[in-house]
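Have a look at data11.pdb below; it lists PDB, C-alpha atoms.
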ATOM      1  CA  MET B   1      26.131  21.540 -86.367
ATOM      2  CA  SER B   2      28.121  18.452 -87.391
ATOM      3  CA  SER B   3      27.077  16.317 -90.303
ATOM      4  CA  ARG B   4      25.231  13.068 -89.679
ATOM      5  CA  PRO B   5      27.698  10.141 -89.249
ATOM      6  CA  GLU B   6      25.942   8.022 -91.884
ATOM      7  CA  LEU B   7      26.569  10.761 -94.466
ATOM      8  CA  GLN B   8      30.330  10.886 -93.807
ATOM      9  CA  ALA B   9      31.438   7.278 -94.287
ATOM     10  CA  PRO B  10      30.249   3.655 -94.006
ATOM     11  CA  PRO B  11      29.879   2.565 -90.354
ATOM     12  CA  GLU B  12      32.777   0.096 -90.458
ATOM     13  CA  ILE B  13      35.047   2.942 -91.653
ATOM     14  CA  PHE B  14      33.597   5.856 -89.665
ATOM     15  CA  TYR B  15      33.806   3.971 -86.355
ATOM     16  CA  ASP B  16      37.518   3.194 -86.460
ATOM     17  CA  ASP B  17      39.653   2.663 -83.345
ATOM     18  CA  THR B  18      39.833   6.379 -82.569
ATOM     19  CA  GLU B  19      36.146   7.131 -83.084
ATOM     20  CA  ALA B  20      35.055   3.972 -81.229
ATOM     21  CA  ARG B  21      36.997   4.937 -78.098
ATOM     22  CA  LYS B  22      35.891   8.555 -78.373
ATOM     23  CA  TYR B  23      32.256   7.454 -78.632
ATOM     24  CA  THR B  24      32.467   5.070 -75.685
ATOM     25  CA  SER B  25      34.383   7.421 -73.377
ATOM     26  CA  SER B  26      31.907  10.293 -73.794
ATOM     27  CA  SER B  27      29.793  10.573 -70.652
ATOM     28  CA  ARG B  28      27.145  12.547 -72.561
ATOM     29  CA  ILE B  29      26.751   9.854 -75.220
ATOM     30  CA  ALA B  30      26.678   7.135 -72.556
ATOM     31  CA  GLU B  31      23.884   8.954 -70.707
ATOM     32  CA  ILE B  32      21.822   9.433 -73.883
ATOM     33  CA  GLN B  33      22.391   5.813 -74.939
ATOM     34  CA  THR B  34      21.280   4.566 -71.520
ATOM     35  CA  LYS B  35      18.057   6.617 -71.619
ATOM     36  CA  LEU B  36      17.240   5.437 -75.141
ATOM     37  CA  SER B  37      17.933   1.817 -74.202
ATOM     38  CA  GLU B  38      15.759   2.015 -71.095
ATOM     39  CA  ARG B  39      12.927   3.497 -73.154
ATOM     40  CA  ALA B  40      13.354   0.756 -75.780
ATOM     41  CA  LEU B  41      13.134  -1.934 -73.095
ATOM     42  CA  GLU B  42      10.027  -0.227 -71.715
ATOM     43  CA  LEU B  43       8.387  -0.318 -75.142
ATOM     44  CA  LEU B  44       9.473  -3.940 -75.549
ATOM     45  CA  ALA B  45       6.933  -4.741 -72.790
ATOM     46  CA  LEU B  46       8.541  -7.984 -71.634
ATOM     47  CA  PRO B  47       6.592 -10.061 -69.082
ATOM     48  CA  ASP B  48       7.416  -9.074 -65.514
ATOM     49  CA  ASP B  49       7.791 -12.647 -64.256
ATOM     50  CA  GLY B  50      11.462 -12.622 -63.301
ATOM     51  CA  VAL B  51      12.454 -14.978 -66.126
ATOM     52  CA  PRO B  52      15.502 -13.744 -68.108
ATOM     53  CA  ARG B  53      14.872 -13.306 -71.828
ATOM     54  CA  LEU B  54      17.293 -13.583 -74.736
ATOM     55  CA  LEU B  55      17.383 -10.226 -76.504
ATOM     56  CA  LEU B  56      19.086  -9.074 -79.673
ATOM     57  CA  ASP B  57      20.905  -5.729 -79.736
ATOM     58  CA  ILE B  58      21.205  -4.647 -83.392
ATOM     59  CA  GLY B  59      24.074  -2.230 -83.933
ATOM     60  CA  CYS B  60      25.330  -2.921 -80.408
ATOM     61  CA  GLY B  61      28.546  -0.934 -80.861
ATOM     62  CA  SER B  62      30.707  -1.014 -77.735
ATOM     63  CA  GLY B  63      27.937  -2.536 -75.625
ATOM     64  CA  LEU B  64      26.391   0.569 -74.033
ATOM     65  CA  SER B  65      22.855  -0.665 -74.703
ATOM     66  CA  GLY B  66      23.843  -4.201 -73.729
ATOM     67  CA  GLU B  67      24.866  -3.007 -70.285
ATOM     68  CA  THR B  68      21.339  -1.659 -69.784
ATOM     69  CA  ILE B  69      19.918  -5.025 -70.854
ATOM     70  CA  THR B  70      22.189  -6.806 -68.377
ATOM     71  CA  GLU B  71      21.140  -4.451 -65.568
ATOM     72  CA  ASN B  72      17.525  -5.405 -66.280
ATOM     73  CA  GLY B  73      18.343  -9.088 -65.761
ATOM     74  CA  HIS B  74      18.265 -10.333 -69.356
ATOM     75  CA  GLN B  75      20.754 -12.067 -71.624
ATOM     76  CA  TRP B  76      21.671 -10.598 -74.965
ATOM     77  CA  VAL B  77      23.409 -11.084 -78.275
ATOM     78  CA  GLY B  78      24.945  -8.038 -79.963
ATOM     79  CA  LEU B  79      25.493  -7.542 -83.695
ATOM     80  CA  ASP B  80      27.636  -4.791 -85.200
ATOM     81  CA  ILE B  81      29.537  -4.153 -88.427
ATOM     82  CA  SER B  82      32.417  -2.243 -86.790
ATOM     83  CA  GLN B  83      35.279  -4.433 -85.585
ATOM     84  CA  SER B  84      36.692  -1.481 -83.622
ATOM     85  CA  MET B  85      33.455  -1.056 -81.677
ATOM     86  CA  LEU B  86      33.334  -4.758 -80.849
ATOM     87  CA  ASN B  87      36.977  -4.662 -79.714
ATOM     88  CA  VAL B  88      36.078  -1.947 -77.198
ATOM     89  CA  ALA B  89      33.142  -4.083 -76.009
ATOM     90  CA  LEU B  90      35.492  -7.038 -75.513
ATOM     91  CA  GLU B  91      37.894  -4.872 -73.500
ATOM     92  CA  LYS B  92      34.998  -3.821 -71.277
ATOM     93  CA  GLU B  93      34.112  -7.518 -70.808
ATOM     94  CA  VAL B  94      30.424  -7.041 -71.498
ATOM     95  CA  GLU B  95      28.080  -9.871 -70.556
ATOM     96  CA  GLY B  96      26.562 -10.421 -73.998
ATOM     97  CA  ASP B  97      27.740 -12.505 -76.944
ATOM     98  CA  LEU B  98      29.083 -10.404 -79.821
ATOM     99  CA  LEU B  99      28.717 -10.991 -83.554
ATOM    100  CA  LEU B 100      30.505  -9.175 -86.376
ATOM    101  CA  GLY B 101      28.134  -8.779 -89.297
ATOM    102  CA  ASP B 102      26.229  -6.523 -91.668
ATOM    103  CA  MET B 103      22.538  -6.327 -90.793
ATOM    104  CA  GLY B 104      21.830  -5.310 -94.386
ATOM    105  CA  GLN B 105      22.787  -8.835 -95.481
ATOM    106  CA  GLY B 106      20.459 -10.500 -92.982
ATOM    107  CA  LEU B 107      20.969 -11.462 -89.357
ATOM    108  CA  GLY B 108      21.752 -15.154 -89.889
ATOM    109  CA  LEU B 109      20.095 -16.356 -86.660
ATOM    110  CA  ARG B 110      18.000 -19.471 -86.147
ATOM    111  CA  PRO B 111      14.230 -18.998 -86.510
ATOM    112  CA  GLY B 112      12.245 -18.186 -83.381
ATOM    113  CA  VAL B 113      15.148 -18.064 -80.891
ATOM    114  CA  ILE B 114      15.010 -14.359 -79.930
ATOM    115  CA  ASP B 115      12.530 -13.109 -77.308
ATOM    116  CA  GLY B 116      12.889  -9.451 -78.255
ATOM    117  CA  ALA B 117      15.127  -7.062 -80.170
ATOM    118  CA  ILE B 118      16.229  -3.466 -79.699
ATOM    119  CA  SER B 119      18.301  -1.138 -81.850
ATOM    120  CA  ILE B 120      19.547   2.336 -81.001
ATOM    121  CA  SER B 121      20.407   4.734 -83.830
ATOM    122  CA  ALA B 122      21.401   2.040 -86.324
ATOM    123  CA  VAL B 123      18.671   1.123 -88.818
ATOM    124  CA  GLN B 124      18.800   4.447 -90.705
ATOM    125  CA  TRP B 125      22.293   3.468 -91.941
ATOM    126  CA  LEU B 126      20.578   0.969 -94.259
ATOM    127  CA  CYS B 127      19.062   3.848 -96.245
ATOM    128  CA  ASN B 128      22.503   4.784 -97.622
ATOM    129  CA  ALA B 129      24.253   3.078-100.537
ATOM    130  CA  ASP B 130      27.848   2.964 -99.286
ATOM    131  CA  LYS B 131      28.979   0.593-102.042
ATOM    132  CA  SER B 132      28.055   0.091-105.680
ATOM    133  CA  SER B 133      26.479  -3.238-104.708
ATOM    134  CA  HIS B 134      24.273  -1.643-102.046
ATOM    135  CA  GLU B 135      20.594  -1.131-102.813
ATOM    136  CA  PRO B 136      18.818   0.334 -99.747
ATOM    137  CA  ARG B 137      15.499  -1.355-100.544
ATOM    138  CA  LEU B 138      17.080  -4.791-100.867
ATOM    139  CA  ARG B 139      19.084  -4.275 -97.684
ATOM    140  CA  LEU B 140      15.989  -3.206 -95.729
ATOM    141  CA  LYS B 141      14.121  -6.214 -97.121
ATOM    142  CA  ALA B 142      16.897  -8.608 -96.063
ATOM    143  CA  PHE B 143      17.140  -7.036 -92.607
ATOM    144  CA  PHE B 144      13.446  -6.998 -91.714
ATOM    145  CA  GLY B 145      12.851 -10.435 -93.250
ATOM    146  CA  SER B 146      15.613 -12.038 -91.176
ATOM    147  CA  LEU B 147      14.530 -10.116 -88.067
ATOM    148  CA  TYR B 148      10.977 -11.402 -88.440
ATOM    149  CA  ARG B 149      12.190 -14.989 -88.792
ATOM    150  CA  CYS B 150      14.503 -14.981 -85.773
ATOM    151  CA  LEU B 151      11.908 -13.530 -83.382
ATOM    152  CA  ALA B 152       9.613 -15.786 -81.393
ATOM    153  CA  ARG B 153       5.930 -15.578 -82.263
ATOM    154  CA  GLY B 154       4.433 -12.513 -80.577
ATOM    155  CA  ALA B 155       7.850 -11.045 -79.678
ATOM    156  CA  ARG B 156       8.536  -7.361 -80.175
ATOM    157  CA  ALA B 157      11.312  -5.377 -81.789
ATOM    158  CA  VAL B 158      11.877  -1.735 -80.801
ATOM    159  CA  LEU B 159      14.092   0.185 -83.199
ATOM    160  CA  GLN B 160      15.046   3.765 -82.326
ATOM    161  CA  VAL B 161      15.841   5.586 -85.565
ATOM    162  CA  TYR B 162      16.959   8.990 -86.803
ATOM    163  CA  PRO B 163      15.529   9.165 -90.343
ATOM    164  CA  GLU B 164      17.050  11.983 -92.364
ATOM    165  CA  ASN B 165      13.705  12.935 -93.911
ATOM    166  CA  LEU B 166      10.120  11.790 -94.323
ATOM    167  CA  ALA B 167      11.043   9.650 -97.333
ATOM    168  CA  GLN B 168      13.456   7.566 -95.232
ATOM    169  CA  HIS B 169      10.864   7.361 -92.476
ATOM    170  CA  GLU B 170       8.279   5.913 -94.873
ATOM    171  CA  LEU B 171      10.811   3.633 -96.572
ATOM    172  CA  ILE B 172      11.864   1.995 -93.303
ATOM    173  CA  LEU B 173       8.297   1.597 -92.081
ATOM    174  CA  SER B 174       7.032   0.192 -95.388
ATOM    175  CA  TYR B 175       9.639  -2.593 -95.513
ATOM    176  CA  ALA B 176       8.951  -3.494 -91.890
ATOM    177  CA  MET B 177       5.273  -3.924 -92.732
ATOM    178  CA  ARG B 178       6.075  -5.934 -95.872
ATOM    179  CA  ALA B 179       8.095  -8.387 -93.799
ATOM    180  CA  GLY B 180       4.931  -9.264 -91.870
ATOM    181  CA  PHE B 181       5.299  -7.124 -88.757
ATOM    182  CA  ALA B 182       2.385  -5.416 -87.063
ATOM    183  CA  GLY B 183       2.979  -2.149 -85.271
ATOM    184  CA  GLY B 184       3.982   1.403 -86.048
ATOM    185  CA  VAL B 185       5.901   4.442 -84.833
ATOM    186  CA  VAL B 186       5.971   5.870 -81.305
ATOM    187  CA  VAL B 187       7.217   9.462 -81.061
ATOM    188  CA  ASP B 188       8.478  10.871 -77.764
ATOM    189  CA  PHE B 189       8.441  14.659 -77.337
ATOM    190  CA  PRO B 190       6.944  15.233 -80.808
ATOM    191  CA  HIS B 191       6.972  19.043 -80.503
ATOM    192  CA  SER B 192      10.590  19.357 -79.374
ATOM    193  CA  THR B 193      13.410  19.777 -81.893
ATOM    194  CA  LYS B 194      16.179  18.426 -79.646
ATOM    195  CA  SER B 195      14.323  15.843 -77.558
ATOM    196  CA  ARG B 196      12.178  14.297 -80.309
ATOM    197  CA  LYS B 197      12.793  10.555 -80.583
ATOM    198  CA  GLU B 198      11.186   8.007 -82.920
ATOM    199  CA  TYR B 199      10.787   4.339 -82.043
ATOM    200  CA  LEU B 200       9.611   1.734 -84.523
ATOM    201  CA  VAL B 201       7.620  -0.707 -82.363
ATOM    202  CA  LEU B 202       7.037  -3.972 -84.234
ATOM    203  CA  THR B 203       5.364  -7.215 -83.234
ATOM    204  CA  CYS B 204       6.100 -10.547 -84.882
ATOM    205  CA  GLY B 205       2.744 -11.833 -86.074
ATOM    206  CA  PRO B 206      -0.628 -10.550 -87.246
ATOM    207  CA  PRO B 207      -2.360  -7.583 -85.532
ATOM    208  CA  SER B 208      -4.093  -8.400 -82.234
ATOM    209  CA  LEU B 209      -4.872  -6.769 -78.890
ATOM    210  CA  SER B 210      -1.266  -7.390 -77.790
ATOM    211  CA  THR B 211       0.082  -5.381 -80.747
ATOM    212  CA  THR B 212      -1.489  -2.088 -79.619
ATOM    213  CA  ILE B 213       1.047   0.704 -80.006
ATOM    214  CA  PRO B 214       1.856   2.599 -76.775
ATOM    215  CA  ASN B 215       1.670   6.385 -76.634
ATOM    216  CA  GLY B 216       4.727   8.571 -76.911
ATOM    217  CA  LYS B 217       5.969  10.779 -74.071
ATOM    218  CA  GLY B 218       5.159  14.485 -73.926
ATOM    219  CA  GLU B 219       7.213  17.404 -72.685
ATOM    220  CA  ASP B 220       6.321  16.650 -69.062
ATOM    221  CA  GLY B 221       7.407  13.032 -69.351
ATOM    222  CA  GLU B 222       3.827  11.796 -69.336
ATOM    223  CA  SER B 223       2.344   9.826 -72.201
ATOM    224  CA  CYS B 224       0.584  11.980 -74.753
ATOM    225  CA  SER B 225      -2.671  10.876 -76.326
ATOM    226  CA  ASP B 226      -3.278  10.416 -80.022
ATOM    227  CA  ASP B 227      -5.469  13.535 -80.048
ATOM    228  CA  GLU B 228      -2.543  15.766 -79.079
ATOM    229  CA  SER B 229      -0.275  14.507 -81.831
ATOM    230  CA  SER B 230      -2.838  14.016 -84.579
ATOM    231  CA  GLY B 231      -2.485  17.611 -85.754
ATOM    232  CA  ASP B 232       0.892  16.960 -87.355
ATOM    233  CA  GLU B 233       0.735  14.111 -89.809
ATOM    234  CA  GLU B 234       4.470  13.498 -89.578
ATOM    235  CA  ASN B 235       4.386  13.222 -85.782
ATOM    236  CA  ARG B 236       1.409  10.928 -85.544
ATOM    237  CA  THR B 237       1.429   7.326 -84.394
ATOM    238  CA  VAL B 238       0.954   4.989 -87.327
ATOM    239  CA  CYS B 239      -1.841   2.498 -86.858
ATOM    240  CA  ILE B 240      -1.431  -1.188 -87.687
ATOM    241  CA  SER B 241      -4.340  -0.899 -90.090
ATOM    242  CA  ASP B 242      -2.036   1.143 -92.344
ATOM    243  CA  ARG B 243      -0.476  -2.159 -93.398
ATOM    244  CA  HIS B 244      -3.585  -2.964 -95.382
ATOM    245  CA  ARG B 245      -4.023   0.270 -97.262
ATOM    246  CA  PRO B 246      -4.971  -0.486-100.889
ATOM    247  CA  ARG B 247      -2.477   0.572-103.482
ATOM    248  CA  LYS B 248      -3.407   3.548-105.566
ATOM    249  CA  LYS B 249      -4.584   2.518-109.003
ATOM    250  CA  GLN B 250      -2.981   4.209-111.944
ATOM    251  CA  LYS B 251      -5.323   6.601-113.639
ATOM    252  CA  ILE B 252      -6.056   5.433-117.162
ATOM    253  CA  ASN B 253      -7.903   7.471-119.726
ATOM    254  CA  LYS B 254     -11.041   5.603-120.731
ATOM    255  CA  ARG B 255     -10.443   6.567-124.342
ATOM    256  CA  GLY B 256      -6.947   5.055-124.215
ATOM    257  CA  LYS B 257      -4.010   6.491-126.111
ATOM    258  CA  GLY B 258      -5.255   8.946-128.717
ATOM    259  CA  ARG B 259      -4.053   9.880-132.198
ATOM    260  CA  GLU B 260      -1.811  12.695-130.942
ATOM    261  CA  TRP B 261       0.042  10.324-128.649
ATOM    262  CA  VAL B 262       0.587   7.805-131.472
ATOM    263  CA  LEU B 263       1.848  10.498-133.847
ATOM    264  CA  ARG B 264       4.212  11.835-131.203
ATOM    265  CA  LYS B 265       5.635   8.362-130.553
ATOM    266  CA  LYS B 266       6.075   7.696-134.274
ATOM    267  CA  GLU B 267       7.967  10.969-134.644
ATOM    268  CA  GLN B 268      10.264   9.994-131.765
ATOM    269  CA  MET B 269      10.988   6.666-133.471
ATOM    270  CA  ARG B 270      11.823   8.449-136.720
ATOM    271  CA  ARG B 271      14.323  10.697-134.945
ATOM    272  CA  LYS B 272      16.058   7.585-133.648
ATOM    273  CA  GLY B 273      16.453   6.334-137.214
ATOM    274  CA  ASN B 274      13.858   3.555-137.035
ATOM    275  CA  VAL B 275      11.715   2.612-140.003
ATOM    276  CA  VAL B 276       8.184   3.831-139.240
ATOM    277  CA  PRO B 277       5.079   3.426-141.453
ATOM    278  CA  PRO B 278       3.847   6.719-142.923
ATOM    279  CA  ASP B 279       1.035   8.656-141.274
ATOM    280  CA  THR B 280      -2.390   8.218-142.899
ATOM    281  CA  LYS B 281      -5.982   8.904-142.049
ATOM    282  CA  TYR B 282      -6.110   5.395-140.574
ATOM    283  CA  THR B 283      -3.306   6.041-138.057
ATOM    284  CA  ALA B 284      -4.477   5.361-134.464
ATOM    285  CA  ARG B 285      -7.967   4.524-135.682
ATOM    286  CA  LYS B 286      -9.490   1.744-133.648
ATOM    287  CA  ARG B 287     -10.379  -1.388-135.561
ATOM    288  CA  LYS B 288     -13.834  -2.858-135.380
ATOM    289  CA  SER B 289     -14.200  -5.984-133.305
ATOM    290  CA  ARG B 290     -14.884  -7.904-136.497
ATOM    291  CA  PHE B 291     -15.176  -7.162-140.191
TER     292      PHE B 291
END
Using structure tokens, write down the structure from this file.
Amino acid sequence: MSSRPELQAPPEIFYDDTEARKYTSSSRIAEIQTKLSERALELLALPDDGVPRLLLDIGCGSGLSGETITENGHQWVGLDISQSMLNVALEKEVEGDLLLGDMGQGLGLRPGVIDGAISISAVQWLCNADKSSHEPRLRLKAFFGSLYRCLARGARAVLQVYPENLAQHELILSYAMRAGFAGGVVVDFPHSTKSRKEYLVLTCGPPSLSTTIPNGKGEDGESCSDDESSGDEENRTVCISDRHRPRKKQKINKRGKGREWVLRKKEQMRRKGNVVPPDTKYTARKRKSRF
């Protein structure tokens, strides 16, 4: 099994001219990308009124997802960090407008101009520090903050991700919630190792009836209920109420820091060569409120 691309090199280096053409020319990858894009558009739940919407394709690559958007009658803007990928998209003469940029530095779009956003297999790259100046938490904060601002009120963003582990899964979701999004995770085929897919379905604005998270698909292609997937905590759909979970309070001993703790700290200070008052029977004894 090959290593994950995000663990081999930064995206702008990994997807060079050779890899970009190899990726785009693969019929298997094109088929998978098309299915994921169609599912993302389905979860986007755009109004079926025949009016074209302006969508944002984050990590658009060579435009495989954009072609699906075009086939569904919508306009799109694509953002990617790989110049080689965008060059292939230009050669294919895709319908969308293309932007070269790093989503970890913010999207740089005007507020409220995007009717919906999709991303296929891109957001998990933000969890890696490819440069000494990269801090995954700050990059996720910049990305989700700018995404929230550029979306129209009530618009959705559907981000298909491949988190490496549960920690990345929780990190991505937590920064999406901090940015102000309502929503959660939809898991298709939760009990399949190969077919399992995770979609972060986010709505711009506070929780409401329109922000209800759809069910994931089961092995038979039908939507599976929450009861079927509630047995595995990792596979469950995250409710929007999870945004308001109170933070755990740090446990503090009612008696405070005792004499042993103070003596241990004083001994540590002495080892460092600091001048420390000698230990007496009054050490760590609590003073009276007044004499």
**Study point:** Chain and number of each residue from the PyMOL selection byres ((chain B and resi 15) around 10), as JSON, numbers by chain
**Key:** {"B": [5, 9, 10, 11, 12, 13, 14, 16, 17, 18, 19, 20, 21, 22, 23, 61, 81, 82, 83, 84, 85]}
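Comparing the minimum interatomic distances between B:Asp48 and each of B:Ser192, B:Ser119, B:Ser25, B:Asn72, counting all atoms listed in the file, we find that B:Asn72 sits nearest.
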Practice item. Enumerate, as a list in words, the protein, DNA and RNA residues whose atoms approach (8.8, -7.2, -70.4) to within 12 Å, taking into account all atoms listed in the file and the coordinate frame of the file. Key: Glu38, Arg39, Ala40, Leu41, Glu42, Leu43, Leu44, Ala45, Leu46, Pro47, Asp48, Asp49, Gly50, Val51, Pro52, Arg53, Leu54, Leu55, Ile69, Asn72, Gly73, His74, Asp115, Gly116, Ala117, Ala155, Arg156 and Ala157 of chain B
Practice item. Report as a VMD selection string the full result of the PyMOL selection byres ((chain B and resi 89) around 12) when it is applied to this structure. Key: chain B and resid 17 20 to 21 23 to 25 60 to 67 78 to 80 82 to 88 90 to 100
Revision key, fill the gap. Atom CA of B:His191 to atom CA of B:Leu171 measures 22.6 Å
Practice item. Could you expand the PyMOL selection byres ((chain B and resi 123) around 9) into the explicit residues it covers here, written as a list in words? Key: Ile58, Gly59, Met103, Ser119, Ile120, Ser121, Ala122, Gln124, Trp125, Leu126, Cys127, Leu140, Leu159, Gln160, Val161, Tyr162, Pro163 and Ile172 of chain B
Exercise for review: Tell me which protein, DNA and RNA residues are within 10 Å of B:Ala284, counting all atoms listed in the file, leaving out same-chain ones fewer than 5 positions away, and put them as number ranges by chain.
Suggested key: B: 257-263, 279
Review point. So what do you get for atom CA of B:Ser37 versus atom CA of B:Tyr199, distance-wise?
Key: 10.9 Å
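With distances taken over all atoms listed in the file, B:Leu7 is the one residue among B:Ala152, B:Ser174, B:Gln105, B:Leu7 lying closest to B:Asn128.
As for atom CA of B:Trp76 and atom CA of B:Asp57, they are spaced 6.9 Å apart.
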Set up a box along x, y and z of the file covering all listed atoms of stretch 26-29 of chain B, add 5 Å on every one of the six sides, and write the centre and edge lengths in Å to one decimal, as AutoDock Vina command-line options.
--center_x 29.3 --center_y 11.2 --center_z -72.9 --size_x 15.2 --size_y 12.7 --size_z 14.6
**Study point:** Which residue of B:Val185, B:Arg137, B:Thr34, B:Gly112 approaches B:Glu71 most closely, using all atoms listed in the file
**Key:** B:Thr34
Do a neighbour search on stretch 142-149 of chain B at 8 Å with only C-alpha atoms, toss out local chain neighbours closer than 6 positions, and write the hits as a short mmCIF file (atom, residue, chain, number, x, y, z; two decimals) with C-alpha atoms, keeping the file's coordinate frame.
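Below is the file that was written, around-v4.cif:
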data_model
loop_
_atom_site.label_atom_id
_atom_site.label_comp_id
_atom_site.auth_asym_id
_atom_site.auth_seq_id
_atom_site.Cartn_x
_atom_site.Cartn_y
_atom_site.Cartn_z
CA MET B 103 22.54 -6.33 -90.79
CA GLY B 104 21.83 -5.31 -94.39
CA GLN B 105 22.79 -8.84 -95.48
CA GLY B 106 20.46 -10.50 -92.98
CA LEU B 107 20.97 -11.46 -89.36
CA GLY B 108 21.75 -15.15 -89.89
CA LEU B 109 20.10 -16.36 -86.66
CA ARG B 110 18.00 -19.47 -86.15
CA PRO B 111 14.23 -19.00 -86.51
CA GLY B 112 12.24 -18.19 -83.38
CA TYR B 175 9.64 -2.59 -95.51
CA ALA B 176 8.95 -3.49 -91.89
CA ALA B 179 8.10 -8.39 -93.80
CA GLY B 180 4.93 -9.26 -91.87
CA PHE B 181 5.30 -7.12 -88.76
CA CYS B 204 6.10 -10.55 -84.88
#
Review point. Hey, which of B:Val113, B:Val187, B:Ile118, B:Leu138 ends up closest to B:Leu151? Count only C-alpha atoms.
Key: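 Result for the nearest residue to B:Leu151: B:Val113.
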Could you complete stretch 151-164 of chain B so that it carries N, CA, C and O atoms, and give it back as an mmCIF file, keeping the file's coordinate frame?
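That gives us out.cif:
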data_model
loop_
_atom_site.group_PDB
_atom_site.id
_atom_site.type_symbol
_atom_site.label_atom_id
_atom_site.label_comp_id
_atom_site.auth_asym_id
_atom_site.auth_seq_id
_atom_site.Cartn_x
_atom_site.Cartn_y
_atom_site.Cartn_z
ATOM 1 N N LEU B 151 12.698 -13.845 -84.568
ATOM 2 C CA LEU B 151 11.908 -13.530 -83.382
ATOM 3 C C LEU B 151 10.893 -14.623 -83.086
ATOM 4 O O LEU B 151 10.327 -15.234 -84.005
ATOM 5 N N ALA B 152 10.664 -14.860 -81.795
ATOM 6 C CA ALA B 152 9.613 -15.786 -81.393
ATOM 7 C C ALA B 152 8.249 -15.187 -81.732
ATOM 8 O O ALA B 152 8.090 -13.975 -81.818
ATOM 9 N N ARG B 153 7.272 -16.040 -81.918
ATOM 10 C CA ARG B 153 5.930 -15.578 -82.263
ATOM 11 C C ARG B 153 5.383 -14.669 -81.168
ATOM 12 O O ARG B 153 5.377 -15.011 -79.984
ATOM 13 N N GLY B 154 4.961 -13.464 -81.533
ATOM 14 C CA GLY B 154 4.433 -12.513 -80.577
ATOM 15 C C GLY B 154 5.485 -11.623 -79.939
ATOM 16 O O GLY B 154 5.148 -10.719 -79.175
ATOM 17 N N ALA B 155 6.774 -11.868 -80.249
ATOM 18 C CA ALA B 155 7.850 -11.045 -79.678
ATOM 19 C C ALA B 155 7.875 -9.679 -80.354
ATOM 20 O O ALA B 155 7.400 -9.505 -81.473
ATOM 21 N N ARG B 156 8.458 -8.724 -79.654
ATOM 22 C CA ARG B 156 8.536 -7.361 -80.175
ATOM 23 C C ARG B 156 9.958 -6.975 -80.547
ATOM 24 O O ARG B 156 10.932 -7.509 -80.001
ATOM 25 N N ALA B 157 10.047 -6.036 -81.466
ATOM 26 C CA ALA B 157 11.312 -5.377 -81.789
ATOM 27 C C ALA B 157 11.089 -3.874 -81.679
ATOM 28 O O ALA B 157 10.112 -3.356 -82.215
ATOM 29 N N VAL B 158 11.969 -3.187 -80.966
ATOM 30 C CA VAL B 158 11.877 -1.735 -80.801
ATOM 31 C C VAL B 158 13.144 -1.121 -81.383
ATOM 32 O O VAL B 158 14.246 -1.337 -80.872
ATOM 33 N N LEU B 159 12.965 -0.379 -82.470
ATOM 34 C CA LEU B 159 14.092 0.185 -83.199
ATOM 35 C C LEU B 159 14.032 1.706 -83.114
ATOM 36 O O LEU B 159 13.126 2.321 -83.679
ATOM 37 N N GLN B 160 14.979 2.302 -82.390
ATOM 38 C CA GLN B 160 15.046 3.765 -82.326
ATOM 39 C C GLN B 160 15.832 4.253 -83.532
ATOM 40 O O GLN B 160 16.953 3.804 -83.784
ATOM 41 N N VAL B 161 15.233 5.157 -84.303
ATOM 42 C CA VAL B 161 15.841 5.586 -85.565
ATOM 43 C C VAL B 161 15.902 7.103 -85.648
ATOM 44 O O VAL B 161 15.133 7.815 -85.004
ATOM 45 N N TYR B 162 16.838 7.569 -86.475
ATOM 46 C CA TYR B 162 16.959 8.990 -86.803
ATOM 47 C C TYR B 162 16.844 9.145 -88.319
ATOM 48 O O TYR B 162 17.849 9.356 -88.998
ATOM 49 N N PRO B 163 15.645 9.012 -88.881
ATOM 50 C CA PRO B 163 15.529 9.165 -90.343
ATOM 51 C C PRO B 163 15.901 10.578 -90.762
ATOM 52 O O PRO B 163 15.572 11.553 -90.089
ATOM 53 N N GLU B 164 16.594 10.672 -91.888
ATOM 54 C CA GLU B 164 17.050 11.983 -92.364
ATOM 55 C C GLU B 164 15.888 12.838 -92.829
ATOM 56 O O GLU B 164 15.904 14.064 -92.696
#
